[in-house]
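S.K.: Compact mmCIF, C-alpha atoms, file data.txt:
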# COMPACT_ATOMS: atom_id res chain seq x y z
CA MET W 1 27.10 9.51 8.05
CA MET W 2 24.41 8.79 10.58
CA SER W 3 21.47 6.59 9.74
CA LEU W 4 18.59 8.76 8.60
CA LYS W 5 15.25 8.34 10.35
CA ILE W 6 11.91 9.20 8.81
CA SER W 7 9.45 10.96 11.14
CA LYS W 8 6.45 11.04 8.76
CA PRO W 9 4.94 8.30 6.59
CA ILE W 10 5.25 10.37 3.39
CA VAL W 11 8.14 12.41 1.98
CA SER W 12 8.18 15.03 -0.77
CA VAL W 13 10.14 14.75 -3.99
CA ALA W 14 12.29 17.70 -2.81
CA TRP W 15 13.16 15.79 0.37
CA LEU W 16 14.12 12.68 -1.60
CA GLN W 17 16.24 14.66 -4.06
CA GLU W 18 18.06 16.24 -1.12
CA HIS W 19 18.86 12.84 0.42
CA LEU W 20 19.43 10.91 -2.83
CA ASP W 21 23.07 10.13 -2.03
CA HIS W 22 22.50 8.95 1.54
CA LYS W 23 24.23 5.61 1.92
CA ASN W 24 21.37 3.96 3.85
CA LEU W 25 18.68 5.09 1.41
CA ILE W 26 16.84 2.44 -0.59
CA ILE W 27 14.33 3.63 -3.19
CA LEU W 28 11.77 1.00 -4.17
CA ASP W 29 9.81 1.20 -7.42
CA CYS W 30 6.56 -0.47 -6.33
CA THR W 31 4.63 -0.04 -9.59
CA ILE W 32 1.98 -2.53 -10.67
CA PRO W 33 -0.35 -2.19 -13.66
CA LYS W 34 -3.84 -1.12 -12.57
CA VAL W 35 -6.26 -4.03 -12.89
CA THR W 36 -8.60 -1.92 -15.03
CA GLU W 37 -5.85 -0.59 -17.30
CA LYS W 38 -4.17 -3.67 -18.72
CA SER W 39 -4.13 -2.22 -22.24
CA ASN W 40 -2.12 0.80 -21.09
CA ALA W 41 0.68 -1.24 -19.52
CA VAL W 42 4.01 0.48 -20.08
CA ASN W 43 6.46 -1.38 -22.29
CA SER W 44 9.32 -2.53 -20.11
CA ASP W 45 11.89 -1.16 -22.58
CA GLU W 46 10.42 2.35 -22.20
CA LYS W 47 9.98 2.24 -18.44
CA LEU W 48 11.77 4.94 -16.49
CA GLN W 49 12.67 4.92 -12.83
CA ILE W 50 14.09 7.26 -10.23
CA LYS W 51 17.88 7.18 -10.39
CA GLY W 52 19.18 4.26 -8.31
CA ALA W 53 15.76 2.70 -7.64
CA ILE W 54 15.24 -1.04 -7.13
CA PHE W 55 12.15 -2.74 -8.52
CA PHE W 56 9.98 -4.20 -5.74
CA ASP W 57 7.84 -6.79 -7.52
CA ILE W 58 4.58 -6.89 -5.55
CA LYS W 59 2.91 -9.41 -7.83
CA ASN W 60 5.57 -12.04 -8.51
CA THR W 61 8.05 -11.79 -5.63
CA PHE W 62 6.34 -10.19 -2.63
CA SER W 63 2.98 -11.97 -2.86
CA ASP W 64 2.18 -15.65 -2.43
CA VAL W 65 1.99 -16.67 -6.11
CA ASN W 66 0.28 -19.92 -5.07
CA GLY W 67 -2.32 -18.06 -2.99
CA LYS W 68 -5.95 -18.40 -3.97
CA PHE W 69 -6.39 -14.61 -4.17
CA PRO W 70 -4.22 -11.84 -5.71
CA ASN W 71 -1.55 -10.07 -3.61
CA THR W 72 -1.72 -12.48 -0.65
CA ILE W 73 0.90 -11.45 1.89
CA LEU W 74 4.02 -13.60 2.35
CA SER W 75 4.95 -15.28 5.59
CA PRO W 76 7.35 -13.18 7.71
CA LYS W 77 10.20 -15.63 7.00
CA GLU W 78 9.73 -15.44 3.22
CA PHE W 79 9.37 -11.67 3.33
CA GLU W 80 12.56 -11.39 5.38
CA TYR W 81 14.54 -13.53 2.93
CA LYS W 82 13.27 -11.66 -0.15
CA ALA W 83 13.86 -8.24 1.42
CA GLN W 84 17.44 -9.31 2.26
CA GLU W 85 17.87 -10.38 -1.38
CA LEU W 86 17.03 -6.81 -2.44
CA GLY W 87 19.82 -5.55 -0.17
CA ILE W 88 17.59 -4.19 2.60
CA ASN W 89 19.18 -3.82 6.04
CA ASN W 90 17.80 -3.15 9.50
CA ASN W 91 19.27 0.37 9.31
CA SER W 92 17.96 1.09 5.80
CA LEU W 93 15.80 4.09 5.08
CA ILE W 94 13.16 2.98 2.57
CA VAL W 95 11.22 5.26 0.24
CA CYS W 96 8.48 3.59 -1.84
CA TYR W 97 7.02 5.08 -4.98
CA ASP W 98 4.96 4.09 -8.03
CA ASP W 99 4.36 5.35 -11.57
CA LEU W 100 0.78 6.47 -10.90
CA GLY W 101 1.46 9.03 -8.16
CA VAL W 102 -0.13 7.22 -5.22
CA TYR W 103 -1.48 3.76 -6.00
CA SER W 104 0.52 0.63 -5.16
CA SER W 105 3.38 2.17 -3.13
CA PRO W 106 1.30 2.44 0.09
CA ARG W 107 0.81 -1.35 -0.10
CA VAL W 108 4.58 -1.79 0.24
CA TRP W 109 4.75 0.81 3.04
CA TRP W 110 2.05 -1.19 4.86
CA MET W 111 3.85 -4.51 4.24
CA PHE W 112 6.97 -3.16 5.95
CA GLN W 113 4.85 -1.84 8.85
CA LEU W 114 3.28 -5.32 9.13
CA MET W 115 6.75 -6.82 9.25
CA GLY W 116 7.71 -4.46 12.08
CA PHE W 117 9.89 -2.07 10.06
CA THR W 118 8.99 1.61 10.51
CA ASN W 119 11.80 3.58 8.83
CA VAL W 120 9.82 3.61 5.60
CA ALA W 121 7.83 6.29 3.76
CA VAL W 122 5.92 6.77 0.51
CA LEU W 123 7.04 9.34 -2.02
CA ASP W 124 4.07 11.70 -2.25
CA GLY W 125 3.19 12.13 -5.92
CA GLY W 126 5.48 9.30 -7.01
CA LEU W 127 7.28 9.25 -10.36
CA PRO W 128 5.00 11.83 -12.07
CA LYS W 129 5.83 14.44 -9.41
CA TRP W 130 9.54 13.51 -9.56
CA ILE W 131 9.61 13.96 -13.37
CA GLU W 132 7.63 17.21 -13.09
CA HIS W 133 10.48 18.62 -10.99
CA LYS W 134 13.06 17.34 -13.53
CA TYR W 135 14.85 15.29 -10.90
CA PRO W 136 17.23 12.52 -12.08
CA ILE W 137 15.70 9.50 -13.78
CA GLU W 138 17.11 6.55 -15.70
CA LYS W 139 15.85 3.72 -17.88
CA GLN W 140 14.70 0.75 -15.80
CA GLN W 141 17.73 -1.29 -14.81
CA ASN W 142 18.74 -3.74 -12.17
CA ASN W 143 20.46 -1.72 -9.43
CA SER W 144 21.38 -4.78 -7.41
CA ARG W 145 22.94 -4.56 -3.96
CA SER W 146 24.70 -7.06 -1.75
CA LYS W 147 22.49 -9.15 0.53
CA GLY W 148 21.03 -7.27 3.48
CA ASN W 149 20.51 -8.22 7.15
CA PHE W 150 16.81 -7.21 7.32
CA LYS W 151 14.84 -8.92 10.09
CA THR W 152 11.06 -9.05 10.49
CA ASN W 153 9.15 -8.41 13.69
CA TYR W 154 5.63 -9.40 12.62
CA GLN W 155 2.82 -7.12 13.86
CA SER W 156 -0.23 -9.39 13.61
CA GLY W 157 -2.64 -6.61 14.66
CA LYS W 158 -2.11 -4.81 11.34
CA ILE W 159 -3.70 -7.53 9.20
CA LYS W 160 -7.18 -9.08 9.22
CA PHE W 161 -8.65 -12.19 7.63
CA THR W 162 -12.17 -13.29 6.71
CA ASN W 163 -12.98 -14.67 10.17
CA ASP W 164 -11.93 -11.36 11.73
CA ILE W 165 -14.29 -9.56 9.36
CA LEU W 166 -17.15 -11.89 10.20
CA SER W 167 -16.78 -11.10 13.89
CA ALA W 168 -16.25 -7.37 13.16
CA ILE W 169 -19.56 -7.14 11.25
CA ASN W 170 -21.51 -7.74 14.45
CA ASN W 171 -19.11 -5.78 16.60
CA LYS W 172 -20.20 -2.16 16.61
CA THR W 173 -16.86 -1.11 18.06
CA ILE W 174 -15.01 -1.59 14.74
CA LEU W 175 -15.47 0.33 11.48
CA ILE W 176 -14.83 -1.33 8.11
CA ALA W 177 -14.05 1.22 5.36
CA ASP W 178 -14.03 0.17 1.70
CA ALA W 179 -11.60 1.90 -0.70
CA ARG W 180 -13.33 0.79 -3.94
CA SER W 181 -15.42 3.19 -6.02
CA LYS W 182 -18.95 3.96 -4.82
CA GLY W 183 -20.27 2.18 -7.93
CA ARG W 184 -18.56 -1.07 -6.99
CA PHE W 185 -19.55 -0.63 -3.33
CA ASN W 186 -23.22 -0.25 -4.34
CA SER W 187 -23.00 -2.86 -7.11
CA THR W 188 -24.03 -0.34 -9.80
CA GLU W 189 -20.79 -0.99 -11.66
CA SER W 190 -19.38 -4.47 -12.21
CA GLU W 191 -16.31 -5.93 -10.56
CA PRO W 192 -13.14 -6.19 -12.70
CA ARG W 193 -13.10 -9.95 -11.96
CA SER W 194 -16.07 -11.83 -13.41
CA ASP W 195 -16.14 -14.46 -10.63
CA VAL W 196 -16.58 -11.82 -7.90
CA LYS W 197 -20.07 -10.76 -6.80
CA GLY W 198 -21.08 -7.11 -6.49
CA GLY W 199 -21.91 -5.25 -3.28
CA HIS W 200 -20.07 -4.72 -0.01
CA ILE W 201 -19.42 -6.17 3.44
CA PRO W 202 -22.41 -5.54 5.76
CA ASN W 203 -21.98 -2.56 8.11
CA SER W 204 -19.03 -1.23 6.10
CA VAL W 205 -18.78 2.36 4.86
CA SER W 206 -17.62 3.61 1.47
CA LEU W 207 -14.47 5.73 1.33
CA PRO W 208 -13.07 5.57 -2.22
CA PHE W 209 -9.29 5.99 -2.06
CA SER W 210 -9.56 8.68 -4.76
CA GLU W 211 -11.29 10.92 -2.20
CA ILE W 212 -8.13 11.29 -0.12
CA ILE W 213 -5.88 12.01 -3.13
CA GLU W 214 -5.69 15.25 -5.12
CA ASN W 215 -3.63 15.65 -8.30
CA GLY W 216 -1.68 12.47 -7.52
CA THR W 217 -0.68 13.46 -3.98
CA PHE W 218 -2.34 13.05 -0.59
CA LYS W 219 -4.64 15.79 0.59
CA SER W 220 -3.30 17.84 3.51
CA GLU W 221 -3.10 16.39 7.00
CA GLU W 222 -5.94 18.72 8.08
CA ALA W 223 -8.16 17.65 5.17
CA LEU W 224 -7.47 13.97 5.91
CA LYS W 225 -8.34 14.47 9.60
CA VAL W 226 -11.72 15.90 8.53
CA ILE W 227 -12.41 13.02 6.10
CA PHE W 228 -11.53 10.25 8.57
CA ASN W 229 -13.35 11.97 11.46
CA GLU W 230 -16.50 12.37 9.37
CA ILE W 231 -16.79 8.65 8.64
CA ASN W 232 -15.54 7.62 12.09
CA PRO W 233 -16.53 10.29 14.65
CA LYS W 234 -16.28 7.81 17.54
CA LYS W 235 -12.70 6.93 16.58
CA LYS W 236 -13.35 3.19 16.38
CA PRO W 237 -10.50 0.95 15.18
CA PHE W 238 -10.51 0.81 11.37
CA ILE W 239 -10.35 -2.20 9.10
CA PHE W 240 -9.62 -1.15 5.51
CA SER W 241 -10.77 -3.24 2.56
CA CYS W 242 -10.72 -2.78 -1.23
CA GLY W 243 -10.50 -5.08 -4.28
CA THR W 244 -7.27 -6.98 -3.60
CA GLY W 245 -5.58 -5.19 -0.69
CA ILE W 246 -3.79 -2.52 -2.75
CA THR W 247 -5.94 0.59 -2.31
CA ALA W 248 -6.99 -0.43 1.23
CA SER W 249 -3.34 0.36 1.98
CA VAL W 250 -3.83 3.87 0.53
CA LEU W 251 -6.54 4.38 3.18
CA ALA W 252 -4.21 2.93 5.84
CA LEU W 253 -1.53 5.45 4.91
CA GLY W 254 -4.10 8.27 4.81
CA ALA W 255 -5.27 7.30 8.29
CA GLU W 256 -1.65 7.26 9.51
CA ILE W 257 -1.02 10.75 8.07
CA SER W 258 -4.19 11.98 9.79
CA GLY W 259 -2.85 10.75 13.15
CA SER W 260 -4.88 7.55 13.45
CA LYS W 261 -2.81 4.54 14.53
CA ASN W 262 -5.58 2.05 15.17
CA TYR W 263 -6.17 0.32 11.85
CA ALA W 264 -5.63 -2.93 9.97
CA VAL W 265 -5.92 -4.09 6.35
CA TYR W 266 -8.16 -6.97 5.27
CA ASP W 267 -5.68 -8.90 3.14
CA GLY W 268 -8.13 -10.85 0.95
CA SER W 269 -10.42 -7.83 0.63
CA TRP W 270 -13.45 -7.89 -1.69
CA THR W 271 -11.96 -10.43 -4.11
CA GLU W 272 -11.97 -12.96 -1.29
CA TRP W 273 -15.24 -11.86 0.30
CA GLY W 274 -17.17 -11.55 -2.98
CA SER W 275 -16.05 -14.92 -4.34
CA THR W 276 -16.45 -16.99 -1.16
CA GLU W 277 -19.73 -18.87 -0.71
CA ASN W 278 -22.08 -18.17 2.20
CA LEU W 279 -20.64 -14.81 3.29
CA PRO W 280 -23.19 -12.02 3.90
CA ILE W 281 -23.28 -9.28 1.26
CA GLU W 282 -25.10 -5.94 1.21
CA ILE W 283 -25.93 -4.03 -1.97
As structure tokens, what does this structure read like?

M.R.:
Amino acid sequence: MMSLKISKPIVSVAWLQEHLDHKNLIILDCTIPKVTEKSNAVNSDEKLQIKGAIFFDIKNTFSDVNGKFPNTILSPKEFEYKAQELGINNNSLIVCYDDLGVYSSPRVWWMFQLMGFTNVAVLDGGLPKWIEHKYPIEKQQNNSRSKGNFKTNYQSGKIKFTNDILSAINNKTILIADARSKGRFNSTESEPRSDVKGGHIPNSVSLPFSEIIENGTFKSEEALKVIFNEINPKKKPFIFSCGTGITASVLALGAEISGSKNYAVYDGSWTEWGSTENLPIEI
């Protein structure tokens, strides 16, 4: 069986069902509880997963747990080691999904892109769409695999830090797009974290991630082209920001689907910007 290559950054549930038995396929359950929905967290004993999936723990394994801000990316070496521990190989075909349709899985897709691995896609519609089609599921279990030979090839251009943002603010050749709600962007609704100020990065534009999703799946490629062209008619390089780097990755994936390749994610996002002293804020 030849190694399967993914040509698009998202795959349908029908495509995944068709390739479910491919020996190089690794399905990653990338679910995290939404920061605003702690009370609705699913009980682990009731949690379901796609048959054969492996849990990819964004919060506790694939983020720097000692980092000052949530979801801080790991070093390439640590990422490589932990991906190998999950059984990921250089010739793996990775499909990421989450329980909410499209929420945290694009973050994992982006992490692999950052680490130089491109044979990875997001399952459009995630677990809800999979269940809707009555495709095979199982109770959450540890589908462990033998150690993989995954190697990173770090792509530093895909990630930005606070200093990059500071220089981008005055650089009219870059566009910062914020995936948070318009209310949080304009400081008319409060931040989920009490120590984070309201408002947005100066010269950034609001593009709530919910505007590129419809019924739990991405809008069409044509619709996404229109949305991204409207906010960025001059096709400047994008930097995507959000609360903690999760939904900025939804915008990154949307941009990729629309044909835009020139983008990066601000890893600390608004949690870092809004809680750091002496950074400029617009309301």

S.K.: Can you work out which one of W:Asn119, W:Asp64, W:His133, W:Gly254 has the shortest atom-to-atom distance to Leu4 of chain W, counting all atoms listed in the file?

M.R.: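 Among the listed residues, the smallest separation from Leu4 of chain W belongs to W:Asn119.
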
S.K.: Sorted by chain and rising residue number, list the residues of segment 103-202 of chain W at most 10 Å from segment 69-82 of chain W (counting all atoms listed in the file), each with its closest atom pair and distance in Å to one decimal, as JSON lines.

M.R.:
{"residue": "W:Arg107", "atom": "CA", "partner": "W:Asn71", "partner_atom": "CA", "distance": 9.7}
{"residue": "W:Met111", "atom": "CA", "partner": "W:Ile73", "partner_atom": "CA", "distance": 7.9}
{"residue": "W:Phe112", "atom": "CA", "partner": "W:Phe79", "partner_atom": "CA", "distance": 9.2}
{"residue": "W:Leu114", "atom": "CA", "partner": "W:Pro76", "partner_atom": "CA", "distance": 9.0}
{"residue": "W:Met115", "atom": "CA", "partner": "W:Pro76", "partner_atom": "CA", "distance": 6.6}
{"residue": "W:Gly116", "atom": "CA", "partner": "W:Pro76", "partner_atom": "CA", "distance": 9.8}
{"residue": "W:Lys147", "atom": "CA", "partner": "W:Tyr81", "partner_atom": "CA", "distance": 9.4}
{"residue": "W:Gly148", "atom": "CA", "partner": "W:Tyr81", "partner_atom": "CA", "distance": 9.0}
{"residue": "W:Asn149", "atom": "CA", "partner": "W:Glu80", "partner_atom": "CA", "distance": 8.7}
{"residue": "W:Phe150", "atom": "CA", "partner": "W:Glu80", "partner_atom": "CA", "distance": 6.3}
{"residue": "W:Lys151", "atom": "CA", "partner": "W:Glu80", "partner_atom": "CA", "distance": 5.8}
{"residue": "W:Thr152", "atom": "CA", "partner": "W:Glu80", "partner_atom": "CA", "distance": 5.8}
{"residue": "W:Asn153", "atom": "CA", "partner": "W:Pro76", "partner_atom": "CA", "distance": 7.9}
{"residue": "W:Tyr154", "atom": "CA", "partner": "W:Pro76", "partner_atom": "CA", "distance": 6.4}
{"residue": "W:Gln155", "atom": "CA", "partner": "W:Pro76", "partner_atom": "CA", "distance": 9.8}
{"residue": "W:Ile159", "atom": "CA", "partner": "W:Ile73", "partner_atom": "CA", "distance": 9.5}

S.K.: Hey, which bits of segment 193-278 of chain W sit within 7 Å of segment 168-179 of chain W, and for each residue what's the closest pair of atoms and how far apart in Å (one decimal), counting only C-alpha atoms, rows by chain and increasing number, as a Markdown table?

M.R.:
| residue | atom | partner | partner_atom | distance |
| --- | --- | --- | --- | --- |
| W:Pro202 | CA | W:Ile169 | CA | 6.4 |
| W:Asn203 | CA | W:Ile169 | CA | 6.1 |
| W:Ser204 | CA | W:Ile176 | CA | 4.7 |
| W:Val205 | CA | W:Ala177 | CA | 4.9 |
| W:Ser206 | CA | W:Asp178 | CA | 5.0 |
| W:Leu207 | CA | W:Ala179 | CA | 5.2 |
| W:Pro208 | CA | W:Ala179 | CA | 4.2 |
| W:Phe209 | CA | W:Ala179 | CA | 4.9 |
| W:Lys236 | CA | W:Ile174 | CA | 5.3 |
| W:Pro237 | CA | W:Ile174 | CA | 5.2 |
| W:Phe238 | CA | W:Leu175 | CA | 5.0 |
| W:Ile239 | CA | W:Ile176 | CA | 4.7 |
| W:Phe240 | CA | W:Ala177 | CA | 5.0 |
| W:Ser241 | CA | W:Asp178 | CA | 4.8 |
| W:Cys242 | CA | W:Ala179 | CA | 4.8 |
| W:Thr247 | CA | W:Ala179 | CA | 6.0 |
| W:Ala248 | CA | W:Ala179 | CA | 5.5 |
| W:Leu251 | CA | W:Ala179 | CA | 6.8 |

S.K.: Considering only C-alpha atoms, return as an MDAnalysis selection string whatever protein or nucleic-acid residues lie within 9 Å of Ser144 of chain W, sequence-local ones (same chain, fewer than 5 positions apart) excluded.

M.R.: chainID W and resid 54 85:87

S.K.: Please tell me which residues are no farther than 9 Å from (-4.4, 14.4, 11.8) in the file, counting all atoms listed in the file, and write them as a PDB file with C-alpha atoms, in the frame of the given file.

M.R.:
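Below you can see selection-v1.pdb, which holds the result:
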ATOM      1  CA  GLU W 221      -3.100  16.390   7.000  1.00  0.00           C
ATOM      2  CA  GLU W 222      -5.940  18.720   8.080  1.00  0.00           C
ATOM      3  CA  ALA W 223      -8.160  17.650   5.170  1.00  0.00           C
ATOM      4  CA  LEU W 224      -7.470  13.970   5.910  1.00  0.00           C
ATOM      5  CA  LYS W 225      -8.340  14.470   9.600  1.00  0.00           C
ATOM      6  CA  VAL W 226     -11.720  15.900   8.530  1.00  0.00           C
ATOM      7  CA  PHE W 228     -11.530  10.250   8.570  1.00  0.00           C
ATOM      8  CA  ALA W 255      -5.270   7.300   8.290  1.00  0.00           C
ATOM      9  CA  GLU W 256      -1.650   7.260   9.510  1.00  0.00           C
ATOM     10  CA  ILE W 257      -1.020  10.750   8.070  1.00  0.00           C
ATOM     11  CA  SER W 258      -4.190  11.980   9.790  1.00  0.00           C
ATOM     12  CA  GLY W 259      -2.850  10.750  13.150  1.00  0.00           C
ATOM     13  CA  SER W 260      -4.880   7.550  13.450  1.00  0.00           C
TER      14      SER W 260
END

S.K.: Under the rule that all atoms listed in the file are counted, which of W:Ser12, W:Thr61, W:Asn278, W:Ser269 is the nearest residue to Arg180 of chain W?

M.R.: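 Ranking W:Ser12, W:Thr61, W:Asn278, W:Ser269 by distance to Arg180 of chain W, first place goes to W:Ser269.
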